[in-house]
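Only one structure is covered here, and it is reproduced in the block below.
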Amino acid sequence: MICVKRIFLLIFFGVLLLPVKTSALEVSAKSALLMDGDTGQVLYEKNADEKSLIASTTKIMTAFVTLEEADLSEVVVIPPEAVGIEGSSMYLRAGEELTVEQLLYGMMLVSGNDAAVALALHVGGGIEEFANLMNRKAEELHLRNSHFANPNGLDSEENYASARDLGHLAAAALQNEDFRRIVSTRAFRCGDRYLTNHNKLLWQYDGAMGVKTGFTKRAGRILVGSAERNGRRLISVTISDPSDWSDHSAMLDYGFSMYQDSTVVEQGQTLGTVPVMSGERDSVPVTAGEPITCYLLPGEEKTVQLNLPAFLYAPVEAGARLGTGEVYIGAMYIGEVPLLAGGEVSRLEQPKRNRWMRAA
């Protein structure tokens, strides 16, 4: 069997010019961050490492931990401790039965503090135990300016994060398909409850994916947003921002304006070679069978991983498919390109032996 080798080919492009800005981005927030949700590249920041109360955006971590620790179909019998929690609520009743999934919708769409407590008690067995799970996950994600003391974000000096940490937390949580589905849902029927998402970005901004709102008098208005366009995801964060909806729209517009359509791989571009055995040539060039175009930030480095046989036997026909090339930006997969033989290699004919030599 011919083994397959993996070749990593770096393709460097000249640094593209940043779009000309007529004015610098300004937001009303005390702290803010705009980042690429896949690569982590920061596009804008303001006091991004300052520790702050984060209100109900705490529930991003609550949902993330719950999705890792519990199945969506698990039934939760609502305990009395989860009823009548102050602040926003989905109005749970003691003894009623809801699934983990239904409670997640109640927590992330209408910001139910009661749903957060019910999930914490179900998953962790207690508020303190669940907070330990939250802080363990924060350590895994290297959130250096965060600490969690409760699942719902009610004001506590021990429950805080920075804008940068909230951005990285949201980026990690959005890798979970169930999390993405829940936070991007505009409305959800839960038994006799009709839950409407508080995140206005879902209605106001093209490509918005939701994430989470938050507010207390001490923390102010907190918003973690996200949007996707042309396969690229941005995450926006503001802390203590009286103009959060307009600021997030401006931040996301600013970010997306930095991306440009770029051809990463040209059709017919030579990307490598494969050795050929018993051929008139020792190798055959490998070319891209089609172009790959994507949305890129200036200066982003592209990598093409070539999946090819270690060698071929002649004859090799021009245009024959030899393998595939996987295109990445950093660790982010952006597409696949067929790899073709860039030329023909005929079989090397063995010279005929003289009959007198055969007789000898």
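Ligands are numbered from 1 in the order shown, chains are lettered A, B, ... in the order of the structure tokens, and residues start at 1 in each chain.
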
Applying 6 Å and only C-alpha atoms, which residues near A:Leu234 remain after dropping the ones on its own chain fewer than 5 positions away? List them as an MDAnalysis selection string.
chainID A and resid 35:37 226:227

Would you pick out the contacts of stretch 240-257 of chain A at 6 Å or less, using only C-alpha atoms, so that residues sharing its chain but fewer than 5 positions from it are not included, and give the list as a ChimeraX atom specification?
/A:27-30,220-222

Once you have the residues from the selection above, write them out as a PDB file, in the first residue's frame, restricted to all heavy atoms.
ATOM      1  N   VAL A  27     -16.223  54.348  21.408  1.00  0.00           N
ATOM      2  CA  VAL A  27     -17.391  53.761  22.070  1.00  0.00           C
ATOM      3  C   VAL A  27     -17.563  54.404  23.437  1.00  0.00           C
ATOM      4  O   VAL A  27     -16.616  54.955  24.002  1.00  0.00           O
ATOM      5  CB  VAL A  27     -17.256  52.237  22.210  1.00  0.00           C
ATOM      6  CG1 VAL A  27     -17.158  51.567  20.856  1.00  0.00           C
ATOM      7  CG2 VAL A  27     -16.052  51.870  23.065  1.00  0.00           C
ATOM      8  N   SER A  28     -18.776  54.308  23.959  1.00  0.00           N
ATOM      9  CA  SER A  28     -19.089  54.924  25.250  1.00  0.00           C
ATOM     10  C   SER A  28     -18.742  54.031  26.429  1.00  0.00           C
ATOM     11  O   SER A  28     -18.847  54.464  27.580  1.00  0.00           O
ATOM     12  CB  SER A  28     -20.589  55.271  25.306  1.00  0.00           C
ATOM     13  OG  SER A  28     -20.940  56.123  24.239  1.00  0.00           O
ATOM     14  N   ALA A  29     -18.348  52.801  26.159  1.00  0.00           N
ATOM     15  CA  ALA A  29     -18.128  51.821  27.216  1.00  0.00           C
ATOM     16  C   ALA A  29     -16.916  52.152  28.067  1.00  0.00           C
ATOM     17  O   ALA A  29     -15.948  52.753  27.596  1.00  0.00           O
ATOM     18  CB  ALA A  29     -17.947  50.441  26.597  1.00  0.00           C
ATOM     19  N   LYS A  30     -16.967  51.710  29.313  1.00  0.00           N
ATOM     20  CA  LYS A  30     -15.791  51.792  30.176  1.00  0.00           C
ATOM     21  C   LYS A  30     -14.706  50.865  29.671  1.00  0.00           C
ATOM     22  O   LYS A  30     -13.520  51.207  29.675  1.00  0.00           O
ATOM     23  CB  LYS A  30     -16.175  51.422  31.611  1.00  0.00           C
ATOM     24  CG  LYS A  30     -15.009  51.463  32.598  1.00  0.00           C
ATOM     25  CD  LYS A  30     -15.421  51.010  33.993  1.00  0.00           C
ATOM     26  CE  LYS A  30     -15.658  49.510  34.023  1.00  0.00           C
ATOM     27  NZ  LYS A  30     -15.878  48.995  35.402  1.00  0.00           N
ATOM     28  N   GLY A 220     -23.845  48.296  35.420  1.00  0.00           N
ATOM     29  CA  GLY A 220     -24.218  49.000  34.208  1.00  0.00           C
ATOM     30  C   GLY A 220     -24.644  48.008  33.135  1.00  0.00           C
ATOM     31  O   GLY A 220     -24.910  46.837  33.410  1.00  0.00           O
ATOM     32  N   ARG A 221     -24.708  48.478  31.908  1.00  0.00           N
ATOM     33  CA  ARG A 221     -25.130  47.651  30.780  1.00  0.00           C
ATOM     34  C   ARG A 221     -23.910  46.909  30.228  1.00  0.00           C
ATOM     35  O   ARG A 221     -22.915  47.526  29.850  1.00  0.00           O
ATOM     36  CB  ARG A 221     -25.770  48.502  29.693  1.00  0.00           C
ATOM     37  CG  ARG A 221     -27.072  49.176  30.133  1.00  0.00           C
ATOM     38  CD  ARG A 221     -27.634  50.053  29.027  1.00  0.00           C
ATOM     39  NE  ARG A 221     -27.983  49.271  27.855  1.00  0.00           N
ATOM     40  CZ  ARG A 221     -29.157  48.659  27.677  1.00  0.00           C
ATOM     41  NH1 ARG A 221     -30.092  48.726  28.627  1.00  0.00           N
ATOM     42  NH2 ARG A 221     -29.409  47.976  26.580  1.00  0.00           N
ATOM     43  N   ILE A 222     -24.014  45.578  30.162  1.00  0.00           N
ATOM     44  CA  ILE A 222     -22.949  44.730  29.643  1.00  0.00           C
ATOM     45  C   ILE A 222     -23.511  44.005  28.428  1.00  0.00           C
ATOM     46  O   ILE A 222     -24.667  43.558  28.441  1.00  0.00           O
ATOM     47  CB  ILE A 222     -22.485  43.668  30.671  1.00  0.00           C
ATOM     48  CG1 ILE A 222     -22.460  44.246  32.074  1.00  0.00           C
ATOM     49  CG2 ILE A 222     -21.142  43.087  30.267  1.00  0.00           C
ATOM     50  CD1 ILE A 222     -21.429  45.262  32.352  1.00  0.00           C
TER      51      ILE A 222
END

Would you mind telling me which residue in A:Gly279, A:Thr238, A:Asn230, A:Ser52 lies nearest to A:Phe148 when using only C-alpha atoms?
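Closest candidate: A:Ser52.
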
DSSP on the backbone: which residues in stretch 91-145 of chain A end up as helix (DSSP H, G or I)? Give the answer as a count of residues only.
36

Given the choices A:Glu128, A:Asp165, A:Glu74, A:Glu139, which gets closest to A:Glu97 if the distance is worked out from only C-alpha atoms?
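Among the listed residues, A:Glu74 lies closest to A:Glu97.
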
Using only C-alpha atoms, which residues sit within 12 Å of A:Leu133 once same-chain residues fewer than 5 positions away are excluded, as a list in words?
Met61, Thr62, Ala63, Phe64, Val65, Thr66, Glu68, Glu69, Ala120, Leu121, Val123, Gly124, Gly125, Gly126, Ile127, Glu128, Ala138, Glu139, Glu140, His147, Phe148, Ala149, Asn150 and Pro151 of chain A

Restrict the selected residues to N, CA, C and O atoms and save them as a compact mmCIF listing (two decimals), in the first residue's frame.
# COMPACT_ATOMS: atom_id res chain seq x y z
N MET A 61 -20.63 31.55 30.94
CA MET A 61 -19.86 30.49 31.59
C MET A 61 -20.80 29.43 32.17
O MET A 61 -20.50 28.22 32.09
N THR A 62 -21.91 29.83 32.75
CA THR A 62 -22.86 28.87 33.30
C THR A 62 -23.34 27.92 32.21
O THR A 62 -23.40 26.70 32.41
N ALA A 63 -23.69 28.47 31.06
CA ALA A 63 -24.17 27.64 29.94
C ALA A 63 -23.05 26.73 29.44
O ALA A 63 -23.27 25.54 29.14
N PHE A 64 -21.84 27.27 29.32
CA PHE A 64 -20.71 26.51 28.80
C PHE A 64 -20.43 25.30 29.70
O PHE A 64 -20.29 24.17 29.23
N VAL A 65 -20.37 25.53 31.01
CA VAL A 65 -20.12 24.43 31.95
C VAL A 65 -21.26 23.42 31.92
O VAL A 65 -21.04 22.20 31.91
N THR A 66 -22.49 23.92 31.90
CA THR A 66 -23.65 23.02 31.87
C THR A 66 -23.62 22.11 30.65
O THR A 66 -23.87 20.90 30.74
N GLU A 68 -21.12 21.07 29.04
CA GLU A 68 -20.06 20.07 29.15
C GLU A 68 -20.37 19.01 30.20
O GLU A 68 -19.86 17.89 30.12
N GLU A 69 -21.19 19.35 31.17
CA GLU A 69 -21.41 18.45 32.30
C GLU A 69 -22.75 17.72 32.26
O GLU A 69 -22.94 16.75 33.00
N ALA A 120 -27.32 25.23 38.13
CA ALA A 120 -26.16 25.10 39.02
C ALA A 120 -26.39 24.02 40.07
O ALA A 120 -25.49 23.21 40.35
N LEU A 121 -27.58 23.98 40.64
CA LEU A 121 -27.89 22.97 41.64
C LEU A 121 -27.94 21.58 41.02
O LEU A 121 -27.51 20.59 41.63
N VAL A 123 -26.34 20.54 38.20
CA VAL A 123 -25.03 20.11 37.70
C VAL A 123 -24.01 19.98 38.82
O VAL A 123 -23.25 19.00 38.89
N GLY A 124 -23.97 20.99 39.71
CA GLY A 124 -22.92 21.03 40.72
C GLY A 124 -23.34 20.53 42.09
O GLY A 124 -22.48 20.27 42.94
N GLY A 125 -24.64 20.43 42.32
CA GLY A 125 -25.11 20.02 43.64
C GLY A 125 -25.22 21.16 44.63
O GLY A 125 -25.76 21.00 45.72
N GLY A 126 -24.69 22.32 44.28
CA GLY A 126 -24.73 23.50 45.14
C GLY A 126 -24.12 24.67 44.40
O GLY A 126 -23.38 24.50 43.42
N ILE A 127 -24.41 25.88 44.85
CA ILE A 127 -23.90 27.08 44.19
C ILE A 127 -22.38 27.15 44.28
O ILE A 127 -21.69 27.42 43.29
N GLU A 128 -21.84 26.89 45.45
CA GLU A 128 -20.38 26.96 45.62
C GLU A 128 -19.68 25.90 44.79
O GLU A 128 -18.65 26.18 44.15
N ALA A 138 -12.47 28.51 33.76
CA ALA A 138 -11.77 29.77 33.52
C ALA A 138 -10.25 29.56 33.49
O ALA A 138 -9.55 30.16 32.67
N GLU A 139 -9.76 28.72 34.37
CA GLU A 139 -8.32 28.41 34.37
C GLU A 139 -7.92 27.68 33.10
O GLU A 139 -6.87 27.98 32.51
N GLU A 140 -8.75 26.74 32.65
CA GLU A 140 -8.45 26.01 31.42
C GLU A 140 -8.38 26.95 30.22
O GLU A 140 -7.58 26.74 29.30
N HIS A 147 -13.15 35.74 37.79
CA HIS A 147 -13.47 34.85 38.90
C HIS A 147 -14.98 34.78 39.02
O HIS A 147 -15.67 35.79 38.80
N PHE A 148 -15.51 33.60 39.33
CA PHE A 148 -16.95 33.41 39.38
C PHE A 148 -17.37 32.94 40.76
O PHE A 148 -16.73 32.07 41.36
N ALA A 149 -18.45 33.55 41.26
CA ALA A 149 -18.95 33.21 42.59
C ALA A 149 -20.39 32.72 42.56
O ALA A 149 -20.87 32.16 43.53
N ASN A 150 -21.09 32.94 41.45
CA ASN A 150 -22.47 32.49 41.33
C ASN A 150 -22.79 32.26 39.86
O ASN A 150 -22.04 32.70 38.98
N PRO A 151 -23.88 31.57 39.56
CA PRO A 151 -24.18 31.22 38.17
C PRO A 151 -24.96 32.27 37.39
O PRO A 151 -25.12 32.14 36.18

With a distance cut-off of 7 Å and only C-alpha atoms, select the neighbouring residues of A:Gly95, excluding the residue or stretch itself and same-chain residues fewer than 6 positions from it, and output the selection as a short mmCIF file (atom, residue, chain, number, x, y, z; two decimals) with N, CA, C and O atoms, in the first residue's frame.
data_model
loop_
_atom_site.label_atom_id
_atom_site.label_comp_id
_atom_site.auth_asym_id
_atom_site.auth_seq_id
_atom_site.Cartn_x
_atom_site.Cartn_y
_atom_site.Cartn_z
N VAL A 77 -35.98 18.57 38.21
CA VAL A 77 -37.11 18.91 39.07
C VAL A 77 -36.74 20.20 39.81
O VAL A 77 -35.76 20.24 40.55
N ILE A 78 -37.49 21.25 39.57
CA ILE A 78 -37.13 22.57 40.09
C ILE A 78 -37.22 22.58 41.62
O ILE A 78 -38.29 22.36 42.19
N PRO A 79 -36.10 22.84 42.30
CA PRO A 79 -36.12 22.87 43.76
C PRO A 79 -36.62 24.23 44.26
O PRO A 79 -36.55 25.24 43.56
#

Between A:Met107, A:Val286, A:Leu33, A:Ile54, which has the minimum distance to A:Arg218 (counting only C-alpha atoms)?
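Counting only C-alpha atoms, the residue closest to A:Arg218 is A:Ile54.
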
Selected residue, from A:Arg281, A:His168, A:Arg233, A:Arg181, that lies nearest to A:Met108 when counting only C-alpha atoms:
A:Arg181

Among the residues A:Ser236, A:Ser146, A:Thr303, A:Asn159, the one that comes closest to A:Leu34 [using only C-alpha atoms]:
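Looking only at the distances to A:Leu34, the closest residue turns out to be A:Ser236.
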
Using only C-alpha atoms for the distances, tell me which of A:Ala187, A:Val304, A:Leu202, A:Ala208 is nearest to A:Val327.
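Among the listed residues, the smallest separation from A:Val327 belongs to A:Val304.
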
Pick out each residue of stretch 230-312 of chain A that DSSP on the backbone tags as strand (DSSP E); I need them as number ranges by chain.
A: 232-239, 260-265, 270-277, 283-288, 292-296, 302-309, 312

Provide the atom CA of A:Ala116 to atom CA of A:Ser31 distance in Å, to one decimal place.
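Those two atoms sit 25.4 Å apart.
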
May I have the residues within 10 Å of A:Ala82 as a PDB file with all heavy atoms, in the first residue's frame, using only C-alpha atoms and disregarding those fewer than 6 positions away in the same chain?
ATOM      1  N   TYR A  91     -39.613  32.602  35.775  1.00  0.00           N
ATOM      2  CA  TYR A  91     -40.732  32.314  36.675  1.00  0.00           C
ATOM      3  C   TYR A  91     -40.963  30.811  36.849  1.00  0.00           C
ATOM      4  O   TYR A  91     -42.038  30.287  36.558  1.00  0.00           O
ATOM      5  CB  TYR A  91     -41.997  33.035  36.197  1.00  0.00           C
ATOM      6  CG  TYR A  91     -41.779  34.519  36.098  1.00  0.00           C
ATOM      7  CD1 TYR A  91     -41.588  35.127  34.868  1.00  0.00           C
ATOM      8  CD2 TYR A  91     -41.700  35.293  37.261  1.00  0.00           C
ATOM      9  CE1 TYR A  91     -41.340  36.497  34.782  1.00  0.00           C
ATOM     10  CE2 TYR A  91     -41.469  36.666  37.180  1.00  0.00           C
ATOM     11  CZ  TYR A  91     -41.276  37.259  35.941  1.00  0.00           C
ATOM     12  OH  TYR A  91     -41.040  38.608  35.859  1.00  0.00           O
ATOM     13  N   LEU A  92     -39.923  30.164  37.327  1.00  0.00           N
ATOM     14  CA  LEU A  92     -40.013  28.739  37.622  1.00  0.00           C
ATOM     15  C   LEU A  92     -40.904  28.499  38.828  1.00  0.00           C
ATOM     16  O   LEU A  92     -41.010  29.344  39.723  1.00  0.00           O
ATOM     17  CB  LEU A  92     -38.612  28.173  37.888  1.00  0.00           C
ATOM     18  CG  LEU A  92     -37.644  28.184  36.705  1.00  0.00           C
ATOM     19  CD1 LEU A  92     -36.263  27.739  37.153  1.00  0.00           C
ATOM     20  CD2 LEU A  92     -38.158  27.296  35.568  1.00  0.00           C
ATOM     21  N   ARG A  93     -41.504  27.303  38.850  1.00  0.00           N
ATOM     22  CA  ARG A  93     -42.352  26.895  39.962  1.00  0.00           C
ATOM     23  C   ARG A  93     -41.754  25.660  40.613  1.00  0.00           C
ATOM     24  O   ARG A  93     -41.314  24.731  39.919  1.00  0.00           O
ATOM     25  CB  ARG A  93     -43.766  26.598  39.457  1.00  0.00           C
ATOM     26  CG  ARG A  93     -44.447  27.792  38.810  1.00  0.00           C
ATOM     27  CD  ARG A  93     -45.841  27.433  38.327  1.00  0.00           C
ATOM     28  NE  ARG A  93     -45.809  26.531  37.183  1.00  0.00           N
ATOM     29  CZ  ARG A  93     -45.773  26.921  35.908  1.00  0.00           C
ATOM     30  NH1 ARG A  93     -45.731  28.226  35.612  1.00  0.00           N
ATOM     31  NH2 ARG A  93     -45.775  26.041  34.936  1.00  0.00           N
ATOM     32  N   ALA A  94     -41.697  25.644  41.905  1.00  0.00           N
ATOM     33  CA  ALA A  94     -41.119  24.513  42.635  1.00  0.00           C
ATOM     34  C   ALA A  94     -41.852  23.226  42.273  1.00  0.00           C
ATOM     35  O   ALA A  94     -43.087  23.183  42.229  1.00  0.00           O
ATOM     36  CB  ALA A  94     -41.200  24.763  44.140  1.00  0.00           C
ATOM     37  N   ASN A 113     -32.534  34.331  36.105  1.00  0.00           N
ATOM     38  CA  ASN A 113     -31.659  34.046  37.242  1.00  0.00           C
ATOM     39  C   ASN A 113     -32.079  32.757  37.945  1.00  0.00           C
ATOM     40  O   ASN A 113     -31.241  32.029  38.484  1.00  0.00           O
ATOM     41  CB  ASN A 113     -31.681  35.204  38.231  1.00  0.00           C
ATOM     42  CG  ASN A 113     -31.000  36.443  37.682  1.00  0.00           C
ATOM     43  OD1 ASN A 113     -30.142  36.356  36.817  1.00  0.00           O
ATOM     44  ND2 ASN A 113     -31.398  37.605  38.183  1.00  0.00           N
ATOM     45  N   ASP A 114     -33.383  32.489  37.929  1.00  0.00           N
ATOM     46  CA  ASP A 114     -33.874  31.254  38.542  1.00  0.00           C
ATOM     47  C   ASP A 114     -33.409  30.031  37.740  1.00  0.00           C
ATOM     48  O   ASP A 114     -33.015  29.006  38.319  1.00  0.00           O
ATOM     49  CB  ASP A 114     -35.394  31.277  38.674  1.00  0.00           C
ATOM     50  CG  ASP A 114     -36.127  31.685  37.401  1.00  0.00           C
ATOM     51  OD1 ASP A 114     -35.460  32.012  36.388  1.00  0.00           O
ATOM     52  OD2 ASP A 114     -37.378  31.682  37.406  1.00  0.00           O
ATOM     53  N   ALA A 115     -33.409  30.135  36.412  1.00  0.00           N
ATOM     54  CA  ALA A 115     -32.936  29.028  35.584  1.00  0.00           C
ATOM     55  C   ALA A 115     -31.457  28.760  35.834  1.00  0.00           C
ATOM     56  O   ALA A 115     -31.016  27.607  35.875  1.00  0.00           O
ATOM     57  CB  ALA A 115     -33.174  29.344  34.109  1.00  0.00           C
ATOM     58  N   ALA A 116     -30.673  29.818  36.027  1.00  0.00           N
ATOM     59  CA  ALA A 116     -29.242  29.657  36.293  1.00  0.00           C
ATOM     60  C   ALA A 116     -29.024  28.907  37.612  1.00  0.00           C
ATOM     61  O   ALA A 116     -28.161  28.021  37.696  1.00  0.00           O
ATOM     62  CB  ALA A 116     -28.564  31.028  36.344  1.00  0.00           C
ATOM     63  N   VAL A 117     -29.796  29.253  38.622  1.00  0.00           N
ATOM     64  CA  VAL A 117     -29.665  28.575  39.914  1.00  0.00           C
ATOM     65  C   VAL A 117     -30.099  27.117  39.791  1.00  0.00           C
ATOM     66  O   VAL A 117     -29.438  26.207  40.315  1.00  0.00           O
ATOM     67  CB  VAL A 117     -30.486  29.301  40.995  1.00  0.00           C
ATOM     68  CG1 VAL A 117     -30.540  28.467  42.283  1.00  0.00           C
ATOM     69  CG2 VAL A 117     -29.886  30.670  41.270  1.00  0.00           C
ATOM     70  N   ALA A 118     -31.186  26.868  39.077  1.00  0.00           N
ATOM     71  CA  ALA A 118     -31.656  25.493  38.903  1.00  0.00           C
ATOM     72  C   ALA A 118     -30.598  24.642  38.207  1.00  0.00           C
ATOM     73  O   ALA A 118     -30.358  23.487  38.591  1.00  0.00           O
ATOM     74  CB  ALA A 118     -32.966  25.485  38.109  1.00  0.00           C
ATOM     75  N   LEU A 119     -29.956  25.188  37.191  1.00  0.00           N
ATOM     76  CA  LEU A 119     -28.908  24.445  36.483  1.00  0.00           C
ATOM     77  C   LEU A 119     -27.691  24.218  37.370  1.00  0.00           C
ATOM     78  O   LEU A 119     -27.101  23.136  37.368  1.00  0.00           O
ATOM     79  CB  LEU A 119     -28.505  25.200  35.215  1.00  0.00           C
ATOM     80  CG  LEU A 119     -29.531  25.182  34.082  1.00  0.00           C
ATOM     81  CD1 LEU A 119     -29.145  26.170  32.987  1.00  0.00           C
ATOM     82  CD2 LEU A 119     -29.684  23.771  33.498  1.00  0.00           C
ATOM     83  N   ALA A 120     -27.321  25.234  38.134  1.00  0.00           N
ATOM     84  CA  ALA A 120     -26.157  25.102  39.017  1.00  0.00           C
ATOM     85  C   ALA A 120     -26.395  24.020  40.067  1.00  0.00           C
ATOM     86  O   ALA A 120     -25.494  23.207  40.354  1.00  0.00           O
ATOM     87  CB  ALA A 120     -25.858  26.437  39.689  1.00  0.00           C
ATOM     88  N   LEU A 121     -27.577  23.979  40.635  1.00  0.00           N
ATOM     89  CA  LEU A 121     -27.886  22.971  41.645  1.00  0.00           C
ATOM     90  C   LEU A 121     -27.943  21.582  41.023  1.00  0.00           C
ATOM     91  O   LEU A 121     -27.507  20.593  41.627  1.00  0.00           O
ATOM     92  CB  LEU A 121     -29.219  23.299  42.327  1.00  0.00           C
ATOM     93  CG  LEU A 121     -29.238  24.602  43.146  1.00  0.00           C
ATOM     94  CD1 LEU A 121     -30.647  24.869  43.679  1.00  0.00           C
ATOM     95  CD2 LEU A 121     -28.242  24.533  44.296  1.00  0.00           C
TER      96      LEU A 121
END

Grab the atom CA of A:Gly323 to atom CA of A:Val264 distance for me, in Å with one decimal place.
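Separation between atom CA of A:Gly323 and atom CA of A:Val264: 18.1 Å.
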
For A:Thr324, please output as a short mmCIF file (atom, residue, chain, number, x, y, z; two decimals) with C-alpha atoms, in the first residue's frame all residues within 12 Å (counting only C-alpha atoms; exclusion window: fewer than 3 positions along the same chain).
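Written output follows (selection_35.cif):
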data_model
loop_
_atom_site.label_atom_id
_atom_site.label_comp_id
_atom_site.auth_asym_id
_atom_site.auth_seq_id
_atom_site.Cartn_x
_atom_site.Cartn_y
_atom_site.Cartn_z
CA VAL A 4 0.08 9.09 2.31
CA LYS A 5 2.37 11.87 3.38
CA ARG A 6 1.26 15.24 4.69
CA ILE A 7 3.19 18.24 3.46
CA LEU A 271 1.98 23.70 -4.70
CA GLY A 272 4.56 20.92 -4.61
CA VAL A 286 1.22 19.16 -8.07
CA THR A 287 -1.20 21.93 -8.97
CA ALA A 288 -4.42 23.32 -7.49
CA GLY A 289 -7.50 22.10 -9.31
CA GLU A 290 -9.57 25.13 -8.36
CA VAL A 304 -1.92 24.71 2.83
CA GLN A 305 -1.59 21.15 4.11
CA LEU A 306 -0.98 18.80 1.15
CA ASN A 307 -2.33 15.27 1.50
CA LEU A 308 -0.48 13.31 -1.20
CA PRO A 309 0.87 9.80 -1.83
CA ALA A 320 -5.07 13.16 -12.69
CA ARG A 321 -6.30 13.76 -9.17
CA VAL A 327 -6.29 25.48 3.62
CA GLY A 335 -11.50 25.05 2.73
CA GLU A 336 -10.21 22.20 0.61
CA VAL A 337 -8.73 22.20 -2.87
CA PRO A 338 -8.25 19.19 -5.20
CA LEU A 339 -4.62 18.50 -6.09
CA LEU A 340 -3.90 17.47 -9.70
CA ALA A 341 -0.93 16.21 -11.65
#

Excluding A:Gly225 and any residue of its chain fewer than 3 positions from it, enumerate the residues within 6 Å of it, using only C-alpha atoms, and give them as a PyMOL selection string.
chain A and resi 210-211+235-236

Mind pulling up the distance from atom CA of A:Val183 to atom CA of A:Leu98?
18.5 Å
